[in-house]
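The file input.cif comes next; it holds mmCIF, N, CA and C atoms.
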data_run
loop_
_atom_site.label_atom_id
_atom_site.label_comp_id
_atom_site.auth_asym_id
_atom_site.auth_seq_id
_atom_site.Cartn_x
_atom_site.Cartn_y
_atom_site.Cartn_z
N MET A 1 0.85 -1.18 0.00
CA MET A 1 0.00 0.00 0.00
C MET A 1 0.90 1.25 0.00
N THR A 2 0.67 2.12 -0.96
CA THR A 2 1.51 3.32 -1.07
C THR A 2 1.11 4.35 -0.01
N ARG A 3 1.96 5.34 0.15
CA ARG A 3 1.70 6.40 1.13
C ARG A 3 0.39 7.13 0.79
N SER A 4 0.16 7.40 -0.49
CA SER A 4 -1.09 8.07 -0.90
C SER A 4 -2.30 7.21 -0.59
N GLU A 5 -2.19 5.90 -0.80
CA GLU A 5 -3.30 4.99 -0.48
C GLU A 5 -3.58 4.99 1.02
N LYS A 6 -2.53 5.02 1.83
CA LYS A 6 -2.71 5.06 3.29
C LYS A 6 -3.38 6.36 3.71
N THR A 7 -2.95 7.47 3.12
CA THR A 7 -3.55 8.76 3.44
C THR A 7 -5.01 8.78 3.01
N LEU A 8 -5.29 8.26 1.81
CA LEU A 8 -6.66 8.19 1.32
C LEU A 8 -7.53 7.38 2.27
N SER A 9 -7.01 6.27 2.74
CA SER A 9 -7.74 5.42 3.68
C SER A 9 -8.04 6.19 4.97
N LYS A 10 -7.06 6.93 5.50
CA LYS A 10 -7.26 7.71 6.72
C LYS A 10 -8.29 8.80 6.50
N VAL A 11 -8.24 9.46 5.36
CA VAL A 11 -9.20 10.53 5.06
C VAL A 11 -10.61 9.95 4.95
N LEU A 12 -10.77 8.84 4.25
CA LEU A 12 -12.09 8.26 4.05
C LEU A 12 -12.68 7.67 5.33
N ARG A 13 -11.83 7.16 6.22
CA ARG A 13 -12.33 6.63 7.50
C ARG A 13 -12.93 7.73 8.36
N GLY A 14 -12.30 8.91 8.35
CA GLY A 14 -12.82 10.04 9.10
C GLY A 14 -12.64 9.96 10.59
N THR A 15 -11.79 9.06 11.06
CA THR A 15 -11.60 8.91 12.50
C THR A 15 -10.41 9.69 13.04
N SER A 16 -9.57 10.20 12.14
CA SER A 16 -8.36 10.89 12.61
C SER A 16 -8.08 12.15 11.80
N ASP A 17 -9.11 12.95 11.57
CA ASP A 17 -8.96 14.15 10.75
C ASP A 17 -7.92 15.11 11.31
N ALA A 18 -7.79 15.18 12.62
CA ALA A 18 -6.87 16.12 13.25
C ALA A 18 -5.42 15.65 13.21
N SER A 19 -5.18 14.40 12.82
CA SER A 19 -3.81 13.89 12.85
C SER A 19 -3.22 13.65 11.47
N ILE A 20 -3.85 14.15 10.43
CA ILE A 20 -3.33 13.96 9.07
C ILE A 20 -2.33 15.07 8.76
N ALA A 21 -1.15 14.66 8.35
CA ALA A 21 -0.10 15.63 8.03
C ALA A 21 -0.49 16.42 6.78
N PHE A 22 -0.23 17.72 6.81
CA PHE A 22 -0.59 18.58 5.69
C PHE A 22 0.10 18.13 4.41
N GLU A 23 1.37 17.79 4.50
CA GLU A 23 2.12 17.38 3.30
C GLU A 23 1.55 16.09 2.71
N GLU A 24 1.08 15.17 3.57
CA GLU A 24 0.46 13.94 3.07
C GLU A 24 -0.83 14.25 2.33
N LEU A 25 -1.64 15.16 2.88
CA LEU A 25 -2.89 15.54 2.24
C LEU A 25 -2.61 16.23 0.90
N ARG A 26 -1.59 17.06 0.89
CA ARG A 26 -1.19 17.76 -0.34
C ARG A 26 -0.78 16.76 -1.43
N GLN A 27 0.01 15.77 -1.06
CA GLN A 27 0.44 14.75 -2.02
C GLN A 27 -0.76 13.92 -2.51
N LEU A 28 -1.71 13.67 -1.63
CA LEU A 28 -2.92 12.95 -2.03
C LEU A 28 -3.68 13.73 -3.09
N MET A 29 -3.75 15.04 -2.91
CA MET A 29 -4.45 15.89 -3.89
C MET A 29 -3.79 15.77 -5.27
N PHE A 30 -2.47 15.76 -5.30
CA PHE A 30 -1.76 15.59 -6.57
C PHE A 30 -2.06 14.22 -7.18
N THR A 31 -2.07 13.19 -6.35
CA THR A 31 -2.36 11.83 -6.81
C THR A 31 -3.75 11.74 -7.42
N LEU A 32 -4.69 12.51 -6.87
CA LEU A 32 -6.07 12.51 -7.36
C LEU A 32 -6.26 13.41 -8.58
N GLY A 33 -5.18 14.03 -9.05
CA GLY A 33 -5.24 14.80 -10.28
C GLY A 33 -5.54 16.28 -10.13
N PHE A 34 -5.40 16.81 -8.92
CA PHE A 34 -5.66 18.23 -8.70
C PHE A 34 -4.42 19.06 -9.04
N ASP A 35 -4.67 20.30 -9.46
CA ASP A 35 -3.61 21.28 -9.69
C ASP A 35 -3.57 22.20 -8.49
N GLU A 36 -2.36 22.70 -8.18
CA GLU A 36 -2.18 23.54 -7.00
C GLU A 36 -1.72 24.93 -7.40
N ARG A 37 -2.28 25.92 -6.72
CA ARG A 37 -1.82 27.30 -6.83
C ARG A 37 -1.62 27.78 -5.40
N ILE A 38 -0.53 28.47 -5.12
CA ILE A 38 -0.22 28.90 -3.76
C ILE A 38 -0.28 30.41 -3.66
N ARG A 39 -1.02 30.90 -2.68
CA ARG A 39 -1.11 32.32 -2.36
C ARG A 39 -0.83 32.46 -0.87
N GLY A 40 0.40 32.81 -0.54
CA GLY A 40 0.78 32.89 0.88
C GLY A 40 0.74 31.51 1.49
N SER A 41 -0.07 31.34 2.55
CA SER A 41 -0.18 30.03 3.20
C SER A 41 -1.34 29.21 2.62
N HIS A 42 -2.07 29.77 1.67
CA HIS A 42 -3.22 29.09 1.08
C HIS A 42 -2.77 28.25 -0.11
N HIS A 43 -3.10 26.98 -0.05
CA HIS A 43 -2.84 26.05 -1.14
C HIS A 43 -4.20 25.78 -1.78
N ILE A 44 -4.39 26.28 -2.99
CA ILE A 44 -5.68 26.23 -3.66
C ILE A 44 -5.63 25.12 -4.71
N PHE A 45 -6.54 24.14 -4.57
CA PHE A 45 -6.55 22.98 -5.45
C PHE A 45 -7.78 23.00 -6.33
N THR A 46 -7.56 22.80 -7.63
CA THR A 46 -8.64 22.73 -8.60
C THR A 46 -8.42 21.53 -9.51
N ARG A 47 -9.50 21.10 -10.13
CA ARG A 47 -9.41 19.99 -11.08
C ARG A 47 -10.55 20.13 -12.07
N ASP A 48 -10.27 19.85 -13.34
CA ASP A 48 -11.31 19.87 -14.36
C ASP A 48 -12.42 18.90 -13.99
N GLY A 49 -13.66 19.34 -14.13
CA GLY A 49 -14.79 18.48 -13.82
C GLY A 49 -15.24 18.53 -12.37
N ILE A 50 -14.52 19.26 -11.53
CA ILE A 50 -14.86 19.38 -10.12
C ILE A 50 -15.23 20.84 -9.87
N GLU A 51 -16.46 21.08 -9.43
CA GLU A 51 -16.91 22.45 -9.20
C GLU A 51 -16.22 23.11 -8.01
N GLU A 52 -16.03 22.34 -6.95
CA GLU A 52 -15.47 22.89 -5.73
C GLU A 52 -14.01 23.27 -5.90
N ILE A 53 -13.64 24.35 -5.25
CA ILE A 53 -12.24 24.76 -5.16
C ILE A 53 -11.83 24.50 -3.72
N LEU A 54 -10.81 23.71 -3.52
CA LEU A 54 -10.37 23.37 -2.17
C LEU A 54 -9.21 24.27 -1.76
N ASN A 55 -9.42 25.03 -0.70
CA ASN A 55 -8.44 25.96 -0.18
C ASN A 55 -7.91 25.37 1.12
N LEU A 56 -6.69 24.84 1.09
CA LEU A 56 -6.12 24.18 2.26
C LEU A 56 -5.01 25.02 2.87
N GLN A 57 -4.94 25.00 4.20
CA GLN A 57 -3.88 25.69 4.92
C GLN A 57 -3.35 24.76 5.99
N PRO A 58 -2.04 24.79 6.22
CA PRO A 58 -1.51 23.98 7.31
C PRO A 58 -1.76 24.63 8.66
N LYS A 59 -1.86 23.81 9.68
CA LYS A 59 -1.90 24.27 11.07
C LYS A 59 -0.71 23.59 11.72
N GLY A 60 0.43 24.28 11.70
CA GLY A 60 1.68 23.63 12.06
C GLY A 60 2.04 22.67 10.93
N SER A 61 2.26 21.41 11.29
CA SER A 61 2.57 20.42 10.26
C SER A 61 1.34 19.59 9.87
N LYS A 62 0.22 19.86 10.50
CA LYS A 62 -1.01 19.08 10.26
C LYS A 62 -1.98 19.85 9.38
N ALA A 63 -2.89 19.10 8.78
CA ALA A 63 -3.98 19.70 8.01
C ALA A 63 -5.09 20.06 9.00
N LYS A 64 -5.83 21.10 8.67
CA LYS A 64 -6.96 21.49 9.53
C LYS A 64 -8.08 20.46 9.37
N PRO A 65 -8.63 19.99 10.50
CA PRO A 65 -9.65 18.93 10.42
C PRO A 65 -10.85 19.27 9.54
N TYR A 66 -11.34 20.51 9.58
CA TYR A 66 -12.51 20.84 8.76
C TYR A 66 -12.17 20.81 7.27
N GLN A 67 -10.91 21.07 6.93
CA GLN A 67 -10.50 21.01 5.53
C GLN A 67 -10.34 19.56 5.07
N VAL A 68 -9.92 18.68 5.98
CA VAL A 68 -9.86 17.25 5.66
C VAL A 68 -11.28 16.75 5.35
N LYS A 69 -12.27 17.23 6.11
CA LYS A 69 -13.66 16.85 5.87
C LYS A 69 -14.13 17.34 4.50
N GLN A 70 -13.70 18.54 4.11
CA GLN A 70 -14.05 19.05 2.78
C GLN A 70 -13.46 18.17 1.69
N VAL A 71 -12.21 17.77 1.87
CA VAL A 71 -11.55 16.89 0.89
C VAL A 71 -12.31 15.57 0.81
N ARG A 72 -12.67 15.00 1.97
CA ARG A 72 -13.40 13.73 1.99
C ARG A 72 -14.74 13.87 1.25
N ARG A 73 -15.46 14.96 1.47
CA ARG A 73 -16.74 15.18 0.81
C ARG A 73 -16.57 15.22 -0.72
N VAL A 74 -15.52 15.91 -1.19
CA VAL A 74 -15.27 15.98 -2.64
C VAL A 74 -14.91 14.60 -3.20
N ILE A 75 -14.07 13.86 -2.49
CA ILE A 75 -13.67 12.52 -2.93
C ILE A 75 -14.90 11.62 -3.06
N LEU A 76 -15.78 11.67 -2.06
CA LEU A 76 -16.97 10.82 -2.08
C LEU A 76 -17.99 11.29 -3.11
N THR A 77 -18.20 12.60 -3.20
CA THR A 77 -19.18 13.15 -4.14
C THR A 77 -18.83 12.81 -5.58
N TYR A 78 -17.55 12.96 -5.92
CA TYR A 78 -17.12 12.73 -7.30
C TYR A 78 -16.54 11.34 -7.52
N ARG A 79 -16.62 10.50 -6.51
CA ARG A 79 -16.14 9.12 -6.58
C ARG A 79 -14.70 9.03 -7.06
N LEU A 80 -13.86 9.87 -6.51
CA LEU A 80 -12.46 9.90 -6.93
C LEU A 80 -11.66 8.72 -6.39
N ALA A 81 -12.14 8.08 -5.36
CA ALA A 81 -11.43 6.96 -4.76
C ALA A 81 -11.75 5.64 -5.46
N GLN A 82 -12.72 5.65 -6.36
CA GLN A 82 -13.15 4.42 -7.00
C GLN A 82 -12.62 4.30 -8.43
N VAL A 83 -11.42 4.82 -8.66
CA VAL A 83 -10.80 4.71 -9.97
C VAL A 83 -10.24 3.30 -10.11
N PRO A 84 -10.65 2.53 -11.12
CA PRO A 84 -10.14 1.17 -11.26
C PRO A 84 -8.64 1.14 -11.54
N ASP A 85 -7.96 0.25 -10.87
CA ASP A 85 -6.51 0.11 -11.02
C ASP A 85 -6.24 -1.06 -11.96
N GLU A 86 -6.07 -0.77 -13.24
CA GLU A 86 -5.89 -1.83 -14.23
C GLU A 86 -4.45 -2.00 -14.66
N GLU A 87 -3.55 -1.20 -14.11
CA GLU A 87 -2.15 -1.28 -14.55
C GLU A 87 -1.39 -2.32 -13.82
#
Could you write out this structure as structure tokens?
Amino acid sequence: MTRSEKTLSKVLRGTSDASIAFEELRQLMFTLGFDERIRGSHHIFTRDGIEEILNLQPKGSKAKPYQVKQVRRVILTYRLAQVPDEE
């Protein structure tokens, strides 16, 4: 299981939103095909076909729990975690 898969599993479980490292969440966003734009401490993630714009900020080295919930909602709404692995 890759690091991104482990992070995805933690995000989807929703039991440890306050303990997810910001850098791990950021890498997960890249794995899911999001583009990043940085404005100060704001990391703004967008992706074609996704209406929501995710604005993430670190709180120390961790991701903010409410932002992890936003990421989880987008993953579930757009079924981003159910991409078939045929390779």
Residues near stretch 10-26 of chain A, anyone? I mean within 6.5 Å using only N, CA and C atoms, not counting same-chain ones fewer than 4 positions away, as a VMD selection string. chain A and resid 5 to 6 30 to 31 58 61 to 65 68 to 69 72
Could you please determine the separation between atom CA of A:Arg79 and atom C of A:Asn55 in Å, to one decimal place? 19.8 Å
With a distance cut-off of 10 Å and only C-alpha atoms, select the neighbouring residues of A:Ile53, excluding the residue or stretch itself and same-chain residues fewer than 5 positions from it, and output the selection as a list in words. Phe34, Ile44, Phe45, Thr46, Arg47, Gln70, Val71 and Val74 of chain A
Counting only C-alpha atoms, what is within 10 Å of A:Ala81, bar same-chain residues fewer than 3 positions away, as an NGL selection string? :A and (5 or 8-9 or 12 or 32 or 72 or 75-78 or 84)
Pick out the closest residue to A:Leu80 from this set: A:His42, A:Glu36, A:Leu54, A:Leu28. Count only C-alpha atoms. A:Leu28
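Proximity ranking of A:Gly49, A:Gly40, A:Lys59, A:Ser4 relative to A:Gln27 places A:Ser4 first, based on only N, CA and C atoms.
The spacing separating atom N of A:Thr7 from atom C of A:Met29 amounts to 11.8 Å.
Note that the spacing between atom CA of A:Glu51 and atom CA of A:Arg39 amounts to 19.8 Å.
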Please identify the helix (DSSP H, G or I) residues within chain A (assignment by DSSP from backbone atoms) and present them as a PyMOL selection string. chain A and resi 3-13+17-19+22-31+65-77+80-82
If you run DSSP on the backbone, which residues of stretch 10-85 of chain A are strand (DSSP E or B), as a PDB file with N, CA and C atoms, in the coordinates of the input?
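Output file states.pdb is given in full below:
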ATOM      1  N   ALA A  21      -1.150  14.660   8.350  1.00  0.00           N
ATOM      2  CA  ALA A  21      -0.100  15.630   8.030  1.00  0.00           C
ATOM      3  C   ALA A  21      -0.490  16.420   6.780  1.00  0.00           C
ATOM      4  N   ASP A  35      -4.670  20.300  -9.460  1.00  0.00           N
ATOM      5  CA  ASP A  35      -3.610  21.280  -9.690  1.00  0.00           C
ATOM      6  C   ASP A  35      -3.570  22.200  -8.490  1.00  0.00           C
ATOM      7  N   GLU A  36      -2.360  22.700  -8.180  1.00  0.00           N
ATOM      8  CA  GLU A  36      -2.180  23.540  -7.000  1.00  0.00           C
ATOM      9  C   GLU A  36      -1.720  24.930  -7.400  1.00  0.00           C
ATOM     10  N   ARG A  37      -2.280  25.920  -6.720  1.00  0.00           N
ATOM     11  CA  ARG A  37      -1.820  27.300  -6.830  1.00  0.00           C
ATOM     12  C   ARG A  37      -1.620  27.780  -5.400  1.00  0.00           C
ATOM     13  N   ILE A  38      -0.530  28.470  -5.120  1.00  0.00           N
ATOM     14  CA  ILE A  38      -0.220  28.900  -3.760  1.00  0.00           C
ATOM     15  C   ILE A  38      -0.280  30.410  -3.660  1.00  0.00           C
ATOM     16  N   ARG A  39      -1.020  30.900  -2.680  1.00  0.00           N
ATOM     17  CA  ARG A  39      -1.110  32.320  -2.360  1.00  0.00           C
ATOM     18  C   ARG A  39      -0.830  32.460  -0.870  1.00  0.00           C
ATOM     19  N   HIS A  42      -2.070  29.770   1.670  1.00  0.00           N
ATOM     20  CA  HIS A  42      -3.220  29.090   1.080  1.00  0.00           C
ATOM     21  C   HIS A  42      -2.770  28.250  -0.110  1.00  0.00           C
ATOM     22  N   HIS A  43      -3.100  26.980  -0.050  1.00  0.00           N
ATOM     23  CA  HIS A  43      -2.840  26.050  -1.140  1.00  0.00           C
ATOM     24  C   HIS A  43      -4.200  25.780  -1.780  1.00  0.00           C
ATOM     25  N   ILE A  44      -4.390  26.280  -2.990  1.00  0.00           N
ATOM     26  CA  ILE A  44      -5.680  26.230  -3.660  1.00  0.00           C
ATOM     27  C   ILE A  44      -5.630  25.120  -4.710  1.00  0.00           C
ATOM     28  N   PHE A  45      -6.540  24.140  -4.570  1.00  0.00           N
ATOM     29  CA  PHE A  45      -6.550  22.980  -5.450  1.00  0.00           C
ATOM     30  C   PHE A  45      -7.780  23.000  -6.330  1.00  0.00           C
ATOM     31  N   THR A  46      -7.560  22.800  -7.630  1.00  0.00           N
ATOM     32  CA  THR A  46      -8.640  22.730  -8.600  1.00  0.00           C
ATOM     33  C   THR A  46      -8.420  21.530  -9.510  1.00  0.00           C
ATOM     34  N   LEU A  54     -10.810  23.710  -3.520  1.00  0.00           N
ATOM     35  CA  LEU A  54     -10.370  23.370  -2.170  1.00  0.00           C
ATOM     36  C   LEU A  54      -9.210  24.270  -1.760  1.00  0.00           C
ATOM     37  N   ASN A  55      -9.420  25.030  -0.700  1.00  0.00           N
ATOM     38  CA  ASN A  55      -8.440  25.960  -0.180  1.00  0.00           C
ATOM     39  C   ASN A  55      -7.910  25.370   1.120  1.00  0.00           C
ATOM     40  N   LEU A  56      -6.690  24.840   1.090  1.00  0.00           N
ATOM     41  CA  LEU A  56      -6.120  24.180   2.260  1.00  0.00           C
ATOM     42  C   LEU A  56      -5.010  25.020   2.870  1.00  0.00           C
ATOM     43  N   PRO A  58      -2.040  24.790   6.220  1.00  0.00           N
ATOM     44  CA  PRO A  58      -1.510  23.980   7.310  1.00  0.00           C
ATOM     45  C   PRO A  58      -1.760  24.630   8.660  1.00  0.00           C
ATOM     46  N   LYS A  59      -1.860  23.810   9.680  1.00  0.00           N
ATOM     47  CA  LYS A  59      -1.900  24.270  11.070  1.00  0.00           C
ATOM     48  C   LYS A  59      -0.710  23.590  11.720  1.00  0.00           C
ATOM     49  N   LYS A  62       0.220  19.860  10.500  1.00  0.00           N
ATOM     50  CA  LYS A  62      -1.010  19.080  10.260  1.00  0.00           C
ATOM     51  C   LYS A  62      -1.980  19.850   9.380  1.00  0.00           C
ATOM     52  N   ALA A  63      -2.890  19.100   8.780  1.00  0.00           N
ATOM     53  CA  ALA A  63      -3.980  19.700   8.010  1.00  0.00           C
ATOM     54  C   ALA A  63      -5.090  20.060   9.000  1.00  0.00           C
TER      55      ALA A  63
END
Could you rebuild stretch 40-61 of chain A with N, CA, C and O atoms and give me the result as a PDB file, in the coordinates of the input?
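Everything below was put into rebuild.pdb:
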ATOM      1  N   GLY A  40       0.400  32.810  -0.540  1.00  0.00           N
ATOM      2  CA  GLY A  40       0.780  32.890   0.880  1.00  0.00           C
ATOM      3  C   GLY A  40       0.740  31.510   1.490  1.00  0.00           C
ATOM      4  O   GLY A  40       1.392  30.584   1.014  1.00  0.00           O
ATOM      5  N   SER A  41      -0.070  31.340   2.550  1.00  0.00           N
ATOM      6  CA  SER A  41      -0.180  30.030   3.200  1.00  0.00           C
ATOM      7  C   SER A  41      -1.340  29.210   2.620  1.00  0.00           C
ATOM      8  O   SER A  41      -1.565  28.076   3.033  1.00  0.00           O
ATOM      9  N   HIS A  42      -2.070  29.770   1.670  1.00  0.00           N
ATOM     10  CA  HIS A  42      -3.220  29.090   1.080  1.00  0.00           C
ATOM     11  C   HIS A  42      -2.770  28.250  -0.110  1.00  0.00           C
ATOM     12  O   HIS A  42      -2.174  28.752  -1.051  1.00  0.00           O
ATOM     13  N   HIS A  43      -3.100  26.980  -0.050  1.00  0.00           N
ATOM     14  CA  HIS A  43      -2.840  26.050  -1.140  1.00  0.00           C
ATOM     15  C   HIS A  43      -4.200  25.780  -1.780  1.00  0.00           C
ATOM     16  O   HIS A  43      -5.052  25.134  -1.183  1.00  0.00           O
ATOM     17  N   ILE A  44      -4.390  26.280  -2.990  1.00  0.00           N
ATOM     18  CA  ILE A  44      -5.680  26.230  -3.660  1.00  0.00           C
ATOM     19  C   ILE A  44      -5.630  25.120  -4.710  1.00  0.00           C
ATOM     20  O   ILE A  44      -4.794  25.160  -5.620  1.00  0.00           O
ATOM     21  N   PHE A  45      -6.540  24.140  -4.570  1.00  0.00           N
ATOM     22  CA  PHE A  45      -6.550  22.980  -5.450  1.00  0.00           C
ATOM     23  C   PHE A  45      -7.780  23.000  -6.330  1.00  0.00           C
ATOM     24  O   PHE A  45      -8.904  23.189  -5.851  1.00  0.00           O
ATOM     25  N   THR A  46      -7.560  22.800  -7.630  1.00  0.00           N
ATOM     26  CA  THR A  46      -8.640  22.730  -8.600  1.00  0.00           C
ATOM     27  C   THR A  46      -8.420  21.530  -9.510  1.00  0.00           C
ATOM     28  O   THR A  46      -7.293  21.023  -9.624  1.00  0.00           O
ATOM     29  N   ARG A  47      -9.500  21.100 -10.130  1.00  0.00           N
ATOM     30  CA  ARG A  47      -9.410  19.990 -11.080  1.00  0.00           C
ATOM     31  C   ARG A  47     -10.550  20.130 -12.070  1.00  0.00           C
ATOM     32  O   ARG A  47     -11.683  20.470 -11.698  1.00  0.00           O
ATOM     33  N   ASP A  48     -10.270  19.850 -13.340  1.00  0.00           N
ATOM     34  CA  ASP A  48     -11.310  19.870 -14.360  1.00  0.00           C
ATOM     35  C   ASP A  48     -12.420  18.900 -13.990  1.00  0.00           C
ATOM     36  O   ASP A  48     -12.149  17.780 -13.550  1.00  0.00           O
ATOM     37  N   GLY A  49     -13.660  19.340 -14.130  1.00  0.00           N
ATOM     38  CA  GLY A  49     -14.790  18.480 -13.820  1.00  0.00           C
ATOM     39  C   GLY A  49     -15.240  18.530 -12.370  1.00  0.00           C
ATOM     40  O   GLY A  49     -16.227  17.905 -12.008  1.00  0.00           O
ATOM     41  N   ILE A  50     -14.520  19.260 -11.530  1.00  0.00           N
ATOM     42  CA  ILE A  50     -14.860  19.380 -10.120  1.00  0.00           C
ATOM     43  C   ILE A  50     -15.230  20.840  -9.870  1.00  0.00           C
ATOM     44  O   ILE A  50     -14.409  21.736 -10.081  1.00  0.00           O
ATOM     45  N   GLU A  51     -16.460  21.080  -9.430  1.00  0.00           N
ATOM     46  CA  GLU A  51     -16.910  22.450  -9.200  1.00  0.00           C
ATOM     47  C   GLU A  51     -16.220  23.110  -8.010  1.00  0.00           C
ATOM     48  O   GLU A  51     -15.921  24.287  -8.049  1.00  0.00           O
ATOM     49  N   GLU A  52     -16.030  22.340  -6.950  1.00  0.00           N
ATOM     50  CA  GLU A  52     -15.470  22.890  -5.730  1.00  0.00           C
ATOM     51  C   GLU A  52     -14.010  23.270  -5.900  1.00  0.00           C
ATOM     52  O   GLU A  52     -13.248  22.592  -6.589  1.00  0.00           O
ATOM     53  N   ILE A  53     -13.640  24.350  -5.250  1.00  0.00           N
ATOM     54  CA  ILE A  53     -12.240  24.760  -5.160  1.00  0.00           C
ATOM     55  C   ILE A  53     -11.830  24.500  -3.720  1.00  0.00           C
ATOM     56  O   ILE A  53     -12.487  24.997  -2.789  1.00  0.00           O
ATOM     57  N   LEU A  54     -10.810  23.710  -3.520  1.00  0.00           N
ATOM     58  CA  LEU A  54     -10.370  23.370  -2.170  1.00  0.00           C
ATOM     59  C   LEU A  54      -9.210  24.270  -1.760  1.00  0.00           C
ATOM     60  O   LEU A  54      -8.169  24.291  -2.399  1.00  0.00           O
ATOM     61  N   ASN A  55      -9.420  25.030  -0.700  1.00  0.00           N
ATOM     62  CA  ASN A  55      -8.440  25.960  -0.180  1.00  0.00           C
ATOM     63  C   ASN A  55      -7.910  25.370   1.120  1.00  0.00           C
ATOM     64  O   ASN A  55      -8.610  25.359   2.134  1.00  0.00           O
ATOM     65  N   LEU A  56      -6.690  24.840   1.090  1.00  0.00           N
ATOM     66  CA  LEU A  56      -6.120  24.180   2.260  1.00  0.00           C
ATOM     67  C   LEU A  56      -5.010  25.020   2.870  1.00  0.00           C
ATOM     68  O   LEU A  56      -4.230  25.643   2.137  1.00  0.00           O
ATOM     69  N   GLN A  57      -4.940  25.000   4.200  1.00  0.00           N
ATOM     70  CA  GLN A  57      -3.880  25.690   4.920  1.00  0.00           C
ATOM     71  C   GLN A  57      -3.350  24.760   5.990  1.00  0.00           C
ATOM     72  O   GLN A  57      -4.129  24.070   6.647  1.00  0.00           O
ATOM     73  N   PRO A  58      -2.040  24.790   6.220  1.00  0.00           N
ATOM     74  CA  PRO A  58      -1.510  23.980   7.310  1.00  0.00           C
ATOM     75  C   PRO A  58      -1.760  24.630   8.660  1.00  0.00           C
ATOM     76  O   PRO A  58      -1.882  25.854   8.767  1.00  0.00           O
ATOM     77  N   LYS A  59      -1.860  23.810   9.680  1.00  0.00           N
ATOM     78  CA  LYS A  59      -1.900  24.270  11.070  1.00  0.00           C
ATOM     79  C   LYS A  59      -0.710  23.590  11.720  1.00  0.00           C
ATOM     80  O   LYS A  59      -0.797  22.451  12.149  1.00  0.00           O
ATOM     81  N   GLY A  60       0.430  24.280  11.700  1.00  0.00           N
ATOM     82  CA  GLY A  60       1.680  23.630  12.060  1.00  0.00           C
ATOM     83  C   GLY A  60       2.040  22.670  10.930  1.00  0.00           C
ATOM     84  O   GLY A  60       2.071  23.055   9.767  1.00  0.00           O
ATOM     85  N   SER A  61       2.260  21.410  11.290  1.00  0.00           N
ATOM     86  CA  SER A  61       2.570  20.420  10.260  1.00  0.00           C
ATOM     87  C   SER A  61       1.340  19.590   9.870  1.00  0.00           C
ATOM     88  O   SER A  61       1.418  18.729   9.007  1.00  0.00           O
TER      89      SER A  61
END
